[in-house]
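Dumped entry13.cif below, it's mmCIF, C-alpha atoms:
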```
data_query
#
loop_
_atom_site.group_PDB
_atom_site.id
_atom_site.type_symbol
_atom_site.label_atom_id
_atom_site.label_comp_id
_atom_site.auth_asym_id
_atom_site.auth_seq_id
_atom_site.Cartn_x
_atom_site.Cartn_y
_atom_site.Cartn_z
ATOM 1 C CA MET E 1222 -4.461 -18.891 -9.984
ATOM 2 C CA LYS E 1223 -5.905 -20.926 -7.092
ATOM 3 C CA LYS E 1224 -2.453 -21.710 -5.705
ATOM 4 C CA TYR E 1225 -1.638 -17.979 -5.469
ATOM 5 C CA THR E 1226 -4.864 -17.306 -3.585
ATOM 6 C CA LEU E 1227 -4.115 -20.170 -1.190
ATOM 7 C CA LEU E 1228 -0.599 -18.832 -0.643
ATOM 8 C CA PHE E 1229 -2.023 -15.423 0.194
ATOM 9 C CA ILE E 1230 -4.508 -16.868 2.725
ATOM 10 C CA LEU E 1231 -1.786 -19.054 4.274
ATOM 11 C CA THR E 1232 0.410 -16.003 4.810
ATOM 12 C CA PHE E 1233 -2.388 -14.288 6.723
ATOM 13 C CA LEU E 1234 -3.014 -17.343 8.900
ATOM 14 C CA LEU E 1235 0.655 -17.891 9.719
ATOM 15 C CA GLY E 1236 1.035 -14.247 10.552
ATOM 16 C CA ASN E 1237 -1.628 -14.558 13.240
ATOM 17 C CA SER E 1238 0.036 -17.535 14.961
ATOM 18 C CA GLY E 1239 1.955 -17.280 18.201
ATOM 19 C CA ASN E 1240 -0.550 -15.169 20.125
ATOM 20 C CA SER E 1241 0.835 -16.352 23.468
ATOM 21 C CA GLN E 1242 4.339 -15.150 22.675
ATOM 22 C CA ILE E 1243 3.606 -11.425 22.900
ATOM 23 C CA ALA E 1244 6.189 -9.223 24.550
ATOM 24 C CA ASP E 1245 5.294 -7.543 27.838
ATOM 25 C CA SER E 1246 5.752 -4.089 26.361
ATOM 26 C CA ALA E 1247 5.085 -2.572 22.941
ATOM 27 C CA SER E 1248 6.632 0.786 23.756
ATOM 28 C CA GLU E 1249 9.078 0.406 20.854
ATOM 29 C CA ILE E 1250 6.220 0.628 18.351
ATOM 30 C CA THR E 1251 5.852 4.383 18.153
ATOM 31 C CA LEU E 1252 3.239 6.243 16.147
ATOM 32 C CA THR E 1253 5.950 7.156 13.636
ATOM 33 C CA ILE E 1254 6.680 3.474 12.935
ATOM 34 C CA ILE E 1255 2.968 2.696 12.651
ATOM 35 C CA SER E 1256 2.507 5.481 10.106
ATOM 36 C CA GLN E 1257 5.560 4.366 8.091
ATOM 37 C CA VAL E 1258 4.154 0.855 7.772
ATOM 38 C CA ASN E 1259 0.729 2.175 6.781
ATOM 39 C CA GLN E 1260 1.914 4.849 4.329
ATOM 40 C CA GLY E 1261 3.974 2.356 2.309
ATOM 41 C CA ASN E 1262 7.477 2.437 0.870
ATOM 42 C CA SER E 1263 9.226 4.065 -2.056
ATOM 43 C CA TYR E 1264 10.404 1.599 -4.692
ATOM 44 C CA VAL E 1265 11.683 1.193 -8.252
ATOM 45 C CA THR E 1266 10.959 -1.963 -10.269
ATOM 46 C CA PHE E 1267 13.293 -3.743 -12.654
ATOM 47 C CA PRO E 1268 12.345 -3.941 -16.382
ATOM 48 C CA ALA E 1269 11.404 -7.604 -16.053
ATOM 49 C CA ASP E 1270 7.754 -7.763 -14.959
ATOM 50 C CA ILE E 1271 6.134 -11.166 -15.490
ATOM 51 C CA GLY E 1272 2.470 -10.961 -16.425
ATOM 52 C CA ASN E 1273 0.063 -9.000 -18.580
ATOM 53 C CA ILE E 1274 1.172 -5.449 -17.749
ATOM 54 C CA GLU E 1275 2.549 -3.342 -20.618
ATOM 55 C CA PRO E 1276 6.359 -3.665 -21.032
ATOM 56 C CA LEU E 1277 7.942 -1.125 -18.677
ATOM 57 C CA MET E 1278 11.444 0.178 -18.146
ATOM 58 C CA PHE E 1279 10.420 0.739 -14.533
ATOM 59 C CA GLU E 1280 7.647 1.771 -12.198
ATOM 60 C CA ALA E 1281 8.635 4.158 -9.407
ATOM 61 C CA ASN E 1282 6.601 4.909 -6.297
ATOM 62 C CA LEU E 1283 7.790 8.032 -4.449
ATOM 63 C CA ILE E 1284 6.376 8.487 -0.937
ATOM 64 C CA PRO E 1285 8.073 11.272 1.050
ATOM 65 C CA ASN E 1286 6.396 11.839 4.419
ATOM 66 C CA PHE E 1287 6.333 15.100 6.400
ATOM 67 C CA TYR E 1288 5.360 14.694 10.052
ATOM 68 C CA LEU E 1289 3.283 17.137 12.094
ATOM 69 C CA ARG E 1290 3.689 16.330 15.805
ATOM 70 C CA GLU E 1291 4.860 17.708 19.127
ATOM 71 C CA SER E 1292 7.414 14.935 19.714
ATOM 72 C CA LYS E 1293 8.300 11.405 18.633
ATOM 73 C CA ASN E 1294 6.173 10.044 21.505
ATOM 74 C CA SER E 1295 3.023 12.001 20.618
ATOM 75 C CA ARG E 1296 -0.297 10.153 20.572
ATOM 76 C CA LEU E 1297 -1.678 12.457 17.885
ATOM 77 C CA MET E 1298 0.212 13.008 14.642
ATOM 78 C CA GLY E 1299 -0.417 14.288 11.144
ATOM 79 C CA VAL E 1300 1.419 13.152 8.000
ATOM 80 C CA LEU E 1301 1.592 15.093 4.729
ATOM 81 C CA THR E 1302 2.473 12.868 1.753
ATOM 82 C CA PRO E 1303 2.885 14.132 -1.843
ATOM 83 C CA GLN E 1304 2.912 10.632 -3.347
ATOM 84 C CA ILE E 1305 3.697 10.157 -7.054
ATOM 85 C CA ILE E 1306 3.713 6.934 -9.130
ATOM 86 C CA LEU E 1307 5.586 6.934 -12.448
ATOM 87 C CA ARG E 1308 5.767 4.403 -15.272
ATOM 88 C CA MET E 1309 8.338 4.554 -18.080
ATOM 89 C CA TYR E 1310 7.323 2.440 -21.064
ATOM 90 C CA GLN E 1311 9.558 0.324 -23.271
ATOM 91 C CA GLU E 1312 8.613 2.269 -26.384
ATOM 92 C CA TYR E 1313 10.272 4.758 -28.716
ATOM 93 C CA SER E 1314 11.762 7.636 -26.685
ATOM 94 C CA TYR E 1315 10.817 5.777 -23.450
ATOM 95 C CA PRO E 1316 7.764 7.924 -22.581
ATOM 96 C CA VAL E 1317 6.508 8.526 -19.037
ATOM 97 C CA ARG E 1318 2.742 8.687 -19.453
ATOM 98 C CA THR E 1319 0.108 10.153 -17.132
ATOM 99 C CA PRO E 1320 1.811 9.867 -13.730
ATOM 100 C CA SER E 1321 -0.424 9.216 -10.738
ATOM 101 C CA TYR E 1322 -0.512 12.154 -8.337
ATOM 102 C CA LEU E 1323 -1.711 11.146 -4.874
ATOM 103 C CA PRO E 1324 -1.248 14.047 -2.417
ATOM 104 C CA GLN E 1325 -2.778 13.183 0.938
ATOM 105 C CA VAL E 1326 -2.981 14.162 4.582
ATOM 106 C CA THR E 1327 -3.373 11.482 7.255
ATOM 107 C CA VAL E 1328 -4.099 11.911 10.969
ATOM 108 C CA TYR E 1329 -3.182 9.135 13.437
ATOM 109 C CA TYR E 1330 -4.291 8.724 17.050
ATOM 110 C CA LEU E 1331 -2.750 6.073 19.304
ATOM 111 C CA LEU E 1332 -5.087 4.504 21.885
ATOM 112 C CA GLY E 1333 -4.125 2.825 25.168
ATOM 113 C CA ASN E 1334 -0.863 3.205 27.083
ATOM 114 C CA GLU E 1335 2.769 2.307 26.520
ATOM 115 C CA GLU E 1336 2.604 -0.775 28.779
ATOM 116 C CA GLN E 1337 0.082 -2.557 26.590
ATOM 117 C CA ALA E 1338 1.462 -5.456 24.548
ATOM 118 C CA LYS E 1339 -1.203 -4.934 21.892
ATOM 119 C CA ARG E 1340 -1.961 -1.431 20.700
ATOM 120 C CA THR E 1341 -4.642 0.127 18.517
ATOM 121 C CA THR E 1342 -4.308 3.180 16.313
ATOM 122 C CA LEU E 1343 -7.144 5.038 14.609
ATOM 123 C CA TYR E 1344 -6.499 7.035 11.454
ATOM 124 C CA GLY E 1345 -8.290 9.179 8.918
ATOM 125 C CA ARG E 1346 -7.047 10.207 5.480
ATOM 126 C CA LEU E 1347 -8.074 12.800 2.921
ATOM 127 C CA ALA E 1348 -6.541 12.277 -0.538
ATOM 128 C CA HIS E 1349 -6.639 13.301 -4.173
ATOM 129 C CA HIS E 1350 -5.849 11.077 -7.180
ATOM 130 C CA SER E 1351 -5.321 12.479 -10.666
ATOM 131 C CA ASN E 1352 -3.103 12.171 -13.735
ATOM 132 C CA GLY E 1353 -2.446 15.815 -14.630
ATOM 133 C CA GLN E 1354 -4.101 15.581 -18.062
ATOM 134 C CA ASP E 1355 -6.840 17.787 -19.583
ATOM 135 C CA GLY E 1356 -8.018 15.817 -22.622
ATOM 136 C CA ASP E 1357 -11.452 14.239 -23.081
ATOM 137 C CA PHE E 1358 -12.014 11.173 -20.921
ATOM 138 C CA PHE E 1359 -13.523 9.199 -23.808
ATOM 139 C CA LEU E 1360 -12.334 8.893 -27.389
ATOM 140 C CA GLU E 1361 -14.786 9.316 -30.276
ATOM 141 C CA ASN E 1362 -15.229 5.537 -30.503
ATOM 142 C CA GLY E 1363 -16.232 5.339 -26.830
ATOM 143 C CA ASP E 1364 -12.947 3.915 -25.514
ATOM 144 C CA ILE E 1365 -11.200 5.540 -22.573
ATOM 145 C CA ASN E 1366 -8.489 8.003 -23.600
ATOM 146 C CA LEU E 1367 -5.483 6.458 -21.825
ATOM 147 C CA LYS E 1368 -2.844 8.860 -23.115
ATOM 148 C CA THR E 1369 -4.344 12.335 -22.558
ATOM 149 C CA GLY E 1370 -7.710 11.712 -20.895
ATOM 150 C CA ASP E 1371 -8.460 13.656 -17.707
ATOM 151 C CA PHE E 1372 -8.734 11.484 -14.576
ATOM 152 C CA SER E 1373 -9.537 12.925 -11.163
ATOM 153 C CA THR E 1374 -11.118 11.718 -7.942
ATOM 154 C CA ASN E 1375 -11.016 12.676 -4.256
ATOM 155 C CA PHE E 1376 -11.629 10.357 -1.352
ATOM 156 C CA PHE E 1377 -11.383 9.861 2.386
ATOM 157 C CA GLU E 1378 -10.371 6.750 4.298
ATOM 158 C CA LEU E 1379 -11.125 5.726 7.898
ATOM 159 C CA GLY E 1380 -9.443 2.777 9.564
ATOM 160 C CA LEU E 1381 -7.673 1.167 12.492
ATOM 161 C CA ILE E 1382 -4.313 -0.528 12.932
ATOM 162 C CA ARG E 1383 -3.509 -3.235 15.485
ATOM 163 C CA THR E 1384 0.141 -3.768 16.456
ATOM 164 C CA ARG E 1385 2.023 -6.254 18.595
ATOM 165 C CA ILE E 1386 5.437 -7.824 19.185
ATOM 166 C CA SER E 1387 6.113 -11.560 18.969
ATOM 167 C CA SER E 1388 8.999 -12.329 21.317
ATOM 168 C CA ARG E 1389 9.190 -15.940 20.145
ATOM 169 C CA PHE E 1390 9.940 -14.969 16.532
ATOM 170 C CA ASN E 1391 11.501 -11.564 17.317
ATOM 171 C CA ALA E 1392 9.001 -10.020 14.916
ATOM 172 C CA TYR E 1393 6.694 -7.023 14.756
ATOM 173 C CA GLN E 1394 3.178 -7.526 13.421
ATOM 174 C CA PHE E 1395 0.665 -5.022 12.039
ATOM 175 C CA PHE E 1396 -2.940 -5.551 10.959
ATOM 176 C CA LYS E 1397 -4.954 -2.839 9.208
ATOM 177 C CA THR E 1398 -8.560 -2.608 8.143
ATOM 178 C CA SER E 1399 -10.120 0.490 6.593
ATOM 179 C CA LEU E 1400 -12.929 1.816 4.419
ATOM 180 C CA GLU E 1401 -12.160 4.129 1.487
ATOM 181 C CA ILE E 1402 -15.009 6.265 0.114
ATOM 182 C CA HIS E 1403 -15.124 8.362 -3.065
ATOM 183 C CA PRO E 1404 -18.197 10.637 -2.743
ATOM 184 C CA LYS E 1405 -19.957 11.108 -6.068
ATOM 185 C CA ASP E 1406 -19.632 14.898 -5.971
ATOM 186 C CA TRP E 1407 -15.870 14.560 -5.384
ATOM 187 C CA SER E 1408 -15.162 12.712 -8.638
ATOM 188 C CA GLN E 1409 -15.726 13.384 -12.319
ATOM 189 C CA TRP E 1410 -18.981 12.089 -13.760
ATOM 190 C CA GLU E 1411 -17.269 9.850 -16.334
ATOM 191 C CA LEU E 1412 -16.303 7.453 -13.526
ATOM 192 C CA ASP E 1413 -19.938 6.665 -12.698
ATOM 193 C CA GLY E 1414 -20.620 2.948 -12.982
ATOM 194 C CA ILE E 1415 -17.090 1.958 -14.019
ATOM 195 C CA TYR E 1416 -14.964 3.012 -11.016
ATOM 196 C CA SER E 1417 -15.421 1.599 -7.513
ATOM 197 C CA ARG E 1418 -16.402 4.331 -5.044
ATOM 198 C CA TYR E 1419 -16.271 2.117 -1.925
ATOM 199 C CA ARG E 1420 -13.235 0.009 -1.038
ATOM 200 C CA TRP E 1421 -12.622 -2.208 1.983
ATOM 201 C CA HIS E 1422 -8.877 -2.575 2.614
ATOM 202 C CA ASN E 1423 -7.200 -5.209 4.788
ATOM 203 C CA ALA E 1424 -3.468 -5.675 5.259
ATOM 204 C CA PHE E 1425 -1.202 -7.785 7.448
ATOM 205 C CA SER E 1426 2.546 -7.131 7.808
ATOM 206 C CA ILE E 1427 5.346 -9.027 9.559
ATOM 207 C CA PHE E 1428 8.784 -7.487 10.131
ATOM 208 C CA LYS E 1429 11.386 -10.057 11.205
ATOM 209 C CA LEU E 1430 14.490 -8.777 13.031
ATOM 210 C CA SER E 1431 17.766 -10.676 13.055
ATOM 211 C CA SER E 1432 18.998 -11.985 16.411
ATOM 212 C CA ARG E 1433 22.240 -10.070 15.901
ATOM 213 C CA GLU E 1434 20.403 -6.766 16.009
ATOM 214 C CA SER E 1435 17.886 -7.653 18.708
ATOM 215 C CA GLN E 1436 19.955 -6.004 21.446
ATOM 216 C CA GLU E 1437 20.962 -2.901 19.521
ATOM 217 C CA LEU E 1438 19.446 0.498 20.173
ATOM 218 C CA LYS E 1439 18.416 0.903 16.537
ATOM 219 C CA LYS E 1440 17.045 -2.342 15.199
ATOM 220 C CA ARG E 1441 16.240 -2.936 11.557
ATOM 221 C CA ALA E 1442 13.929 -5.447 9.889
ATOM 222 C CA ASP E 1443 15.966 -7.779 7.677
ATOM 223 C CA ILE E 1444 12.868 -9.476 6.244
ATOM 224 C CA SER E 1445 9.288 -8.350 5.902
ATOM 225 C CA ILE E 1446 6.140 -9.838 4.372
ATOM 226 C CA LYS E 1447 3.020 -7.827 3.609
ATOM 227 C CA GLY E 1448 -0.281 -9.213 2.378
ATOM 228 C CA GLU E 1449 -3.096 -6.949 1.226
ATOM 229 C CA ALA E 1450 -6.657 -7.630 0.114
ATOM 230 C CA THR E 1451 -9.132 -5.008 -1.132
ATOM 231 C CA TRP E 1452 -12.796 -5.601 -1.898
ATOM 232 C CA LEU E 1453 -14.345 -3.150 -4.380
ATOM 233 C CA PHE E 1454 -17.980 -2.165 -3.781
ATOM 234 C CA GLY E 1455 -20.474 -0.040 -5.686
ATOM 235 C CA ASP E 1456 -21.434 -0.094 -9.370
ATOM 236 C CA LEU E 1457 -18.643 -1.685 -11.368
ATOM 237 C CA GLY E 1458 -19.732 -2.584 -14.855
ATOM 238 C CA ASP E 1459 -21.805 -5.755 -14.944
ATOM 239 C CA TRP E 1460 -19.965 -7.428 -12.058
ATOM 240 C CA ASP E 1461 -22.109 -8.888 -9.313
ATOM 241 C CA VAL E 1462 -21.358 -7.714 -5.769
ATOM 242 C CA THR E 1463 -19.930 -11.177 -4.946
ATOM 243 C CA SER E 1464 -17.776 -11.417 -8.074
ATOM 244 C CA LEU E 1465 -14.170 -12.407 -7.353
ATOM 245 C CA ASN E 1466 -13.126 -9.851 -9.954
ATOM 246 C CA ARG E 1467 -13.796 -7.238 -7.276
ATOM 247 C CA ILE E 1468 -10.901 -8.490 -5.125
ATOM 248 C CA ASN E 1469 -7.407 -6.985 -5.440
ATOM 249 C CA LEU E 1470 -4.629 -9.112 -3.920
ATOM 250 C CA ASN E 1471 -1.090 -7.976 -3.230
ATOM 251 C CA LEU E 1472 1.711 -9.992 -1.604
ATOM 252 C CA THR E 1473 5.162 -8.431 -1.127
ATOM 253 C CA PHE E 1474 8.338 -10.041 0.232
ATOM 254 C CA PHE E 1475 11.201 -7.695 1.194
ATOM 255 C CA TYR E 1476 14.817 -8.592 2.029
ATOM 256 C CA HIS E 1477 17.342 -6.108 3.435
ATOM 257 C CA PRO E 1478 20.911 -7.381 2.912
ATOM 258 C CA LYS E 1479 23.541 -6.387 5.464
ATOM 259 C CA PHE E 1480 25.765 -4.686 2.888
ATOM 260 C CA LEU E 1481 23.144 -2.028 2.057
ATOM 261 C CA GLU E 1482 22.164 0.833 4.350
ATOM 262 C CA ASP E 1483 18.632 1.839 3.341
ATOM 263 C CA LEU E 1484 17.937 -0.175 0.181
ATOM 264 C CA GLY E 1485 16.640 -3.698 -0.094
ATOM 265 C CA PHE E 1486 15.177 -6.049 -2.694
ATOM 266 C CA PHE E 1487 11.540 -6.994 -3.052
ATOM 267 C CA VAL E 1488 9.400 -9.492 -4.931
ATOM 268 C CA GLN E 1489 5.718 -8.759 -5.410
ATOM 269 C CA PHE E 1490 2.683 -10.597 -6.723
ATOM 270 C CA TYR E 1491 -0.328 -8.498 -7.682
ATOM 271 C CA ARG E 1492 -3.717 -9.572 -8.993
ATOM 272 C CA GLY E 1493 -6.511 -7.059 -9.501
ATOM 273 C CA LEU E 1494 -7.496 -3.867 -11.277
ATOM 274 C CA ASP E 1495 -4.733 -1.470 -12.276
ATOM 275 C CA TYR E 1496 -4.094 1.234 -9.654
ATOM 276 C CA TYR E 1497 -2.426 3.623 -12.146
ATOM 277 C CA ASN E 1498 -5.024 6.406 -12.505
ATOM 278 C CA ILE E 1499 -7.005 6.179 -15.782
ATOM 279 C CA TYR E 1500 -5.654 2.667 -16.456
ATOM 280 C CA PHE E 1501 -8.039 1.308 -13.786
ATOM 281 C CA ILE E 1502 -9.996 -0.634 -16.436
ATOM 282 C CA HIS E 1503 -7.080 -3.046 -16.929
ATOM 283 C CA LYS E 1504 -6.996 -6.341 -15.043
ATOM 284 C CA LEU E 1505 -3.458 -7.236 -13.951
ATOM 285 C CA ASP E 1506 -1.832 -10.543 -12.984
ATOM 286 C CA MET E 1507 1.887 -10.034 -12.479
ATOM 287 C CA PHE E 1508 5.101 -10.764 -10.616
ATOM 288 C CA ARG E 1509 7.634 -7.965 -10.306
ATOM 289 C CA PHE E 1510 11.054 -7.380 -8.774
ATOM 290 C CA GLY E 1511 12.928 -4.275 -7.707
ATOM 291 C CA ILE E 1512 14.576 -2.240 -4.966
ATOM 292 C CA MET E 1513 12.778 -0.611 -2.062
ATOM 293 C CA THR E 1514 13.648 1.949 0.606
ATOM 294 C CA GLU E 1515 12.218 0.546 3.808
ATOM 295 C CA LYS E 1516 13.611 2.895 6.466
ATOM 296 C CA ILE E 1517 11.682 1.502 9.405
ATOM 297 C CA ARG E 1518 13.684 1.393 12.661
ATOM 298 C CA PHE E 1519 12.479 -0.353 15.815
#
```
Encoded form using structure tokens:
Amino acid sequence: MKKYTLLFILTFLLGNSGNSQIADSASEITLTIISQVNQGNSYVTFPADIGNIEPLMFEANLIPNFYLRESKNSRLMGVLTPQIILRMYQEYSYPVRTPSYLPQVTVYYLLGNEEQAKRTTLYGRLAHHSNGQDGDFFLENGDINLKTGDFSTNFFELGLIRTRISSRFNAYQFFKTSLEIHPKDWSQWELDGIYSRYRWHNAFSIFKLSSRESQELKKRADISIKGEATWLFGDLGDWDVTSLNRINLNLTFFYHPKFLEDLGFFVQFYRGLDYYNIYFIHKLDMFRFGIMTEKIRF
């Protein structure tokens, strides 16, 4: 496990190298691109996860984004996202159990001017997370009702995103830090003491463009790497505030082959609590593979 943590830290450090090779202008990094990187990508996994997650036929993350803005060059922009995460299990009749519904609205504001090589964006998000079930949260024996138990929470997130261009590596870099808060009155009482209400998110992304496309009007990232680390605060069972169990780590490598238009392949390592609604009590350590729609254009 230590080698995976070291790999994650190394990725962050390498991503911050080359500070002196910043392009003179970052005008190509529009607010739309910044929001696409921050909102995430739609994907479907292959039925070959390696780790302790239940056997799945696939996991699908659907993230359609609807933009509210005056123009593509607007400094202020809203994004409506009816996100849904689905898991189909390798069981009789291949059931899809308790999908995660994550509708959200995010507002972005771009600081500075177009001539700045480094740019900062502020954002705020209001979101809902539920599983569409209406059964009792707990079973009679005290266990959590994973199949039909009602799960629901609402939260807001405040953060900033730093962006820049590395001319030496022909790459675009994004760093995000944010605080996610689940007010007690916004969530069901059963989550008290077992679900983290305060989460500190950090993410670093690198999008590498091929030299062949560097002069084209519409450039596309052939390779991207994204590292994410989340620290969970608040009452969380008997875990101490400094417990390493409170850290969620996620490292994703994406490759876009030339023979595909909008699809690419990804490999992901995840270690942390399950993000799939009422399954949050599960601790996951897994590698997964699949296809992803990363439609970011520079």
Here's a test: counting all atoms listed in the file, identify every protein, DNA and RNA residue with an atom at most 7 Å from (-16.1, 10.3, -4.7) in the file's coordinate frame, and state them as a count of residues only. 11
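CA of Met1507 (chain E) lies 21.2 Å from CA of Tyr1315 (chain E).
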Report as a Markdown table the residues of region 1361-1445 of chain E within 10 Å of region 1484-1490 of chain E, each with its shortest atom pair and distance in Å (one decimal), using only C-alpha atoms, ordered by chain and increasing residue number.
```
| residue | atom | partner | partner_atom | distance |
| --- | --- | --- | --- | --- |
| E:Asp1443 | CA | E:Gly1485 | CA | 8.8 |
| E:Ile1444 | CA | E:Gly1485 | CA | 9.4 |
| E:Ser1445 | CA | E:Phe1487 | CA | 9.3 |
```
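Candidate residues E:Phe1425, E:Phe1454, E:Phe1358, E:Phe1372 were compared for distance to Leu1400 (chain E), and the nearest is E:Phe1454, using all atoms listed in the file.
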Counting all atoms listed in the file, which of E:Tyr1330, E:Phe1267, E:Phe1279, E:Phe1287 gets nearest to Leu1343 (chain E)? E:Tyr1330
Translate the PyMOL selection byres ((chain E and resi 1293) around 9), as applied to the file shown, into an explicit residue set as an NGL selection string. :E and (1251-1253 or 1290-1292 or 1294-1296)
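In terms of minimum interatomic distance to Arg1509 (chain E), E:Pro1268 ranks closest within E:Trp1410, E:Arg1383, E:Glu1482, E:Pro1268, counting only C-alpha atoms.
Atom pair CA of His1422 (chain E) / CA of Leu1453 (chain E): separated by 8.9 Å.
Atom pair CA of Pro1324 (chain E) / CA of Asn1259 (chain E) has a distance of 15.1 Å (rounded to one decimal).
This file gives the following result for the PyMOL selection byres ((chain E and resi 1414-1416) around 8): Leu1412, Asp1413, Ser1417, Arg1418, Gly1455, Asp1456, Leu1457, Gly1458, Phe1501 and Ile1502 of chain E.
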Once the PyMOL selection byres ((chain E and resi 1346) around 9) is applied to the coordinates I shared, what remains selected? I want it as a PDB file with C-alpha atoms, in the coordinates of the input.
```pdb
ATOM      1  CA  GLN E1325      -2.778  13.183   0.938  1.00  0.00           C
ATOM      2  CA  VAL E1326      -2.981  14.162   4.582  1.00  0.00           C
ATOM      3  CA  THR E1327      -3.373  11.482   7.255  1.00  0.00           C
ATOM      4  CA  VAL E1328      -4.099  11.911  10.969  1.00  0.00           C
ATOM      5  CA  TYR E1329      -3.182   9.135  13.437  1.00  0.00           C
ATOM      6  CA  TYR E1344      -6.499   7.035  11.454  1.00  0.00           C
ATOM      7  CA  GLY E1345      -8.290   9.179   8.918  1.00  0.00           C
ATOM      8  CA  LEU E1347      -8.074  12.800   2.921  1.00  0.00           C
ATOM      9  CA  ALA E1348      -6.541  12.277  -0.538  1.00  0.00           C
ATOM     10  CA  PHE E1376     -11.629  10.357  -1.352  1.00  0.00           C
ATOM     11  CA  PHE E1377     -11.383   9.861   2.386  1.00  0.00           C
ATOM     12  CA  GLU E1378     -10.371   6.750   4.298  1.00  0.00           C
ATOM     13  CA  LEU E1379     -11.125   5.726   7.898  1.00  0.00           C
ATOM     14  CA  GLY E1380      -9.443   2.777   9.564  1.00  0.00           C
ATOM     15  CA  GLU E1401     -12.160   4.129   1.487  1.00  0.00           C
TER      16      GLU E1401
END
```
For Leu1430 (chain E): contacts at 6 Å, only C-alpha atoms, fewer than 4 positions along chain excluded, given as a ChimeraX atom specification: /E:1391-1392,1442-1443
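Proximity to Lys1504 (chain E) was assessed for E:Ile1365, E:Ile1305, E:Ile1468, E:Met1278 counting all atoms listed in the file; the smallest distance is recorded for E:Ile1468.
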